[in-house]
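Following: one structure in structure tokens, then a few remarks.
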Amino acid sequence: MAATNSPPPSPVSPRSSPSLIGYLRDDRVLQIIGQIVFALILIAALYGLTTSILNALVERNLTPNLVFLQNRAGFDISEKPEWYSANSTYWDAYTVGITNTLRVVVLGLVLSTLLGIFVGVALLSRNWLVRTIFTVYVELLRNTPLLVQLFAWYFVVMLSLPTFQQSLSFPQEGITVIPLRFLLYALGALLIWSTIRRLPSHYHDRRRVYVRGYAAVVIVIELVARLGIINGGGALRFEVLPWAYINIRGFAFPELVTTNRLAEWLTFVTVGAVLAGILWIYFGRLKETTGLVSPRGRYALAAIVLLALFGWLIVSGEPAPVSVPVVNAEGVTTMMNLNEARADGLITLQDEQIYATVPLILRLPEKNNFRFTSGTQITPEYMALLLGLVIYTSAFIAEIVRAGILAVPKGQVEAARALGFGYGDVLRFVILPQALRVIIPPLGNQYLNLAKNSSLAIAIAYADLFLITTTIMNQSGQSITGMAMVMLTYLIISLIIATLMDRANRRFQLITR
């Protein structure tokens with residue numbers, strides 16, 4: 001066979017490097033170049049704007065700094081602690097603003113959550129009237145701007161309260177008379193209830209027996225009282241002092257004052273809390289291993305309460321000093337009997353904290369012709385802001401709770417009821433643990449909204465962080481620094497709330513492969 005002559009292979013030419021024009025024709029390269037140019041233009045524009053602003057501030061002697069925070073504030077604050085005055089520094093005023101904001105945010109988060117859960121469960125009620133009332137509640141509040149609601153709470157509700165001299169008191173001051181037959185009513189109801197509990201479980205007519213038995217007890221007691229056998233029923237007399245006052249200046253509630261014996265009592269409470277934790281863990285493991293169900297919540301609560309009461313009795317049993325030094329009207333210090341000094345009003349609150357035998361003192365609000373002399377006082381601005389935030393946010397939380405409960409499959413609820421679970425147990429052990437996985441993420445958003453919406457307090461003159469910082473900026477001229485401080489503070493508050501909610505979300509998420 002004749003060999004075929006094939007052409008020799010052509011030599012491989014080296015790969016030529018792309019030219020600049022080739023790079024410029026590449027879409028990816030053009031995108032990168034465009035982004036770099038845009039970033040440089042943006043940086044140059046921001047630099048020029050910042051430079052012009054700083055030069056203008058320097059010309060007016062308003063260079064941004066933090067030194068001004070040590071200057072005298074020179075203004076008073078309506079919502080302030082005892083240590084603040086007009087002679088305090090701007091930093092002290094700023095600290096008061098942060099404290100006032102946290103007072104609203106922290107309490108608002110707790111109250112709005114409780115109210116939102118209650119309303120959310122009520123939205124799913126089988127009672128048409130209850131369901132309709134709370135549906136109107138949610139729809140009305142969700143579709144009304146928060147600022148309008150704050151104006152309504154402050155200008156319509158708070159400013160319509162009576163004057164200080166005509167304060168509403170709860171309960172009314174005076175002598176309360178409780179007829180003895182009322183106590184017999186309560187005792188009869190308790191005896192009938194304990195008797196009916198012993199009836200067989202298959203006895204379904206317990207309610208009718210209870211009503212008839214209680215009616216018979218009431219008739220017998222009334223006949224005995226009318227016949228004069230127990231002197232018209234007798235009566236107990238109690239002196240009633242007001243626990244709360246409401247007027248246009250604000251609200252006054254009882255206050256708890258700590259004494260020098262608080263630390264001793266807290267030792268017993270701490271031991272009770274530790275014992276409660278041990279009982280909770282023990283009975284929880286016992287249930288997991290043996291299936292034996294124990295009321296570990298009651299045991300834990302009983303441990304805390306019993307040790308707290310025992311500690312209170314032990315600490316309060318220590319005798320108080322018989323004689324104490326007091327300062328008389330002439331300014332001379334003399335020794336005087338403690339009870340006599342209290343009766344004469346020579347013992348101050350600070351002295352009472354030292355000589356009192358109990359760990360805590362409950363002081364009821366007392367008022368004279370012009371102001372309250374004791375008790376916890378809350379301004380109408382704070383109450384209007386708190387009520388507005390809580391009620392507005394609770395409407396959104398209620399919808400979140402309703403949606404979370406509806407997200408639980410109905411089959412699991414029906415299975416729990418088939419096993420004999422009551423409504424409360426179904427809600428606690430079946431519905432809420434699964435609904436929380438749906439509820440927590442949007443709930444965190446509402447918490448963040450409540451914290452940021454608290455800045456609307458400036459509309460009703462509540463001295464929160466934003467209002468106080470605005471006053472500082474107007475006086476010092478440090479607008480840029482003040483606004484940066486406000487933004488940073490709200491950012492920190494939001495990040496703390498987001499972090500806590502993220503941990504809660506991870507805790508309740510279902511772990512799968």
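Ligands are numbered from 1 in the order shown, chains are lettered A, B, ... in the order of the structure tokens, and residues start at 1 in each chain.
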Contacts of Pro441 of chain A at 9 Å or less, counting only C-alpha atoms, minus same-chain residues fewer than 4 places along, as a count of residues only? 6
Per DSSP on the backbone, what are the helix (DSSP H, G or I) residues of segment 4-116 of chain A, as a PyMOL selection string? chain A and resi 20-24+27-59+67-70+90-116
Could you give me, as CSV, a per-residue list for segment 345-387 of chain A showing, wherever an atom lies at most 9 Å from an atom of segment 451-474 of chain A, the closest pair of atoms and their distance in Å to one decimal, using only C-alpha atoms and sorting by chain then residue number from low to high?
residue,atom,partner,partner_atom,distance
A:Thr379,CA,A:Tyr462,CA,8.9
A:Pro380,CA,A:Tyr462,CA,8.9
A:Glu381,CA,A:Tyr462,CA,5.3
A:Tyr382,CA,A:Tyr462,CA,6.3
A:Ala384,CA,A:Ile460,CA,8.3
A:Leu385,CA,A:Ala457,CA,6.4
A:Leu386,CA,A:Ser454,CA,8.7
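DSSP secondary structure from the backbone places Phe251, Ala252, Phe253, Glu255, Leu256, Val257, Thr258, Ser323, Val324, Pro325, Val326, Val327, Thr333, Thr334, Met335, Met336, Asn337, Leu360, Ile361, Leu362, Arg363, Glu366, Lys367, Phe372, Thr373, Ser374, Thr376, Gln377 and Ile378 of chain A of segment 251-389 of chain A in strand (DSSP E or B).
Proximity ranking of A:Asn260, A:Gly444, A:Tyr245, A:Tyr47 relative to Lys367 of chain A places A:Tyr245 first, based on only C-alpha atoms.
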Residues near Pro319 of chain A, cut-off 12 Å, only C-alpha atoms, skip fewer than 6 positions along chain, as a list in words: Arg261, Leu313, Leu338, Tyr355, Ala356, Thr357 and Val358 of chain A
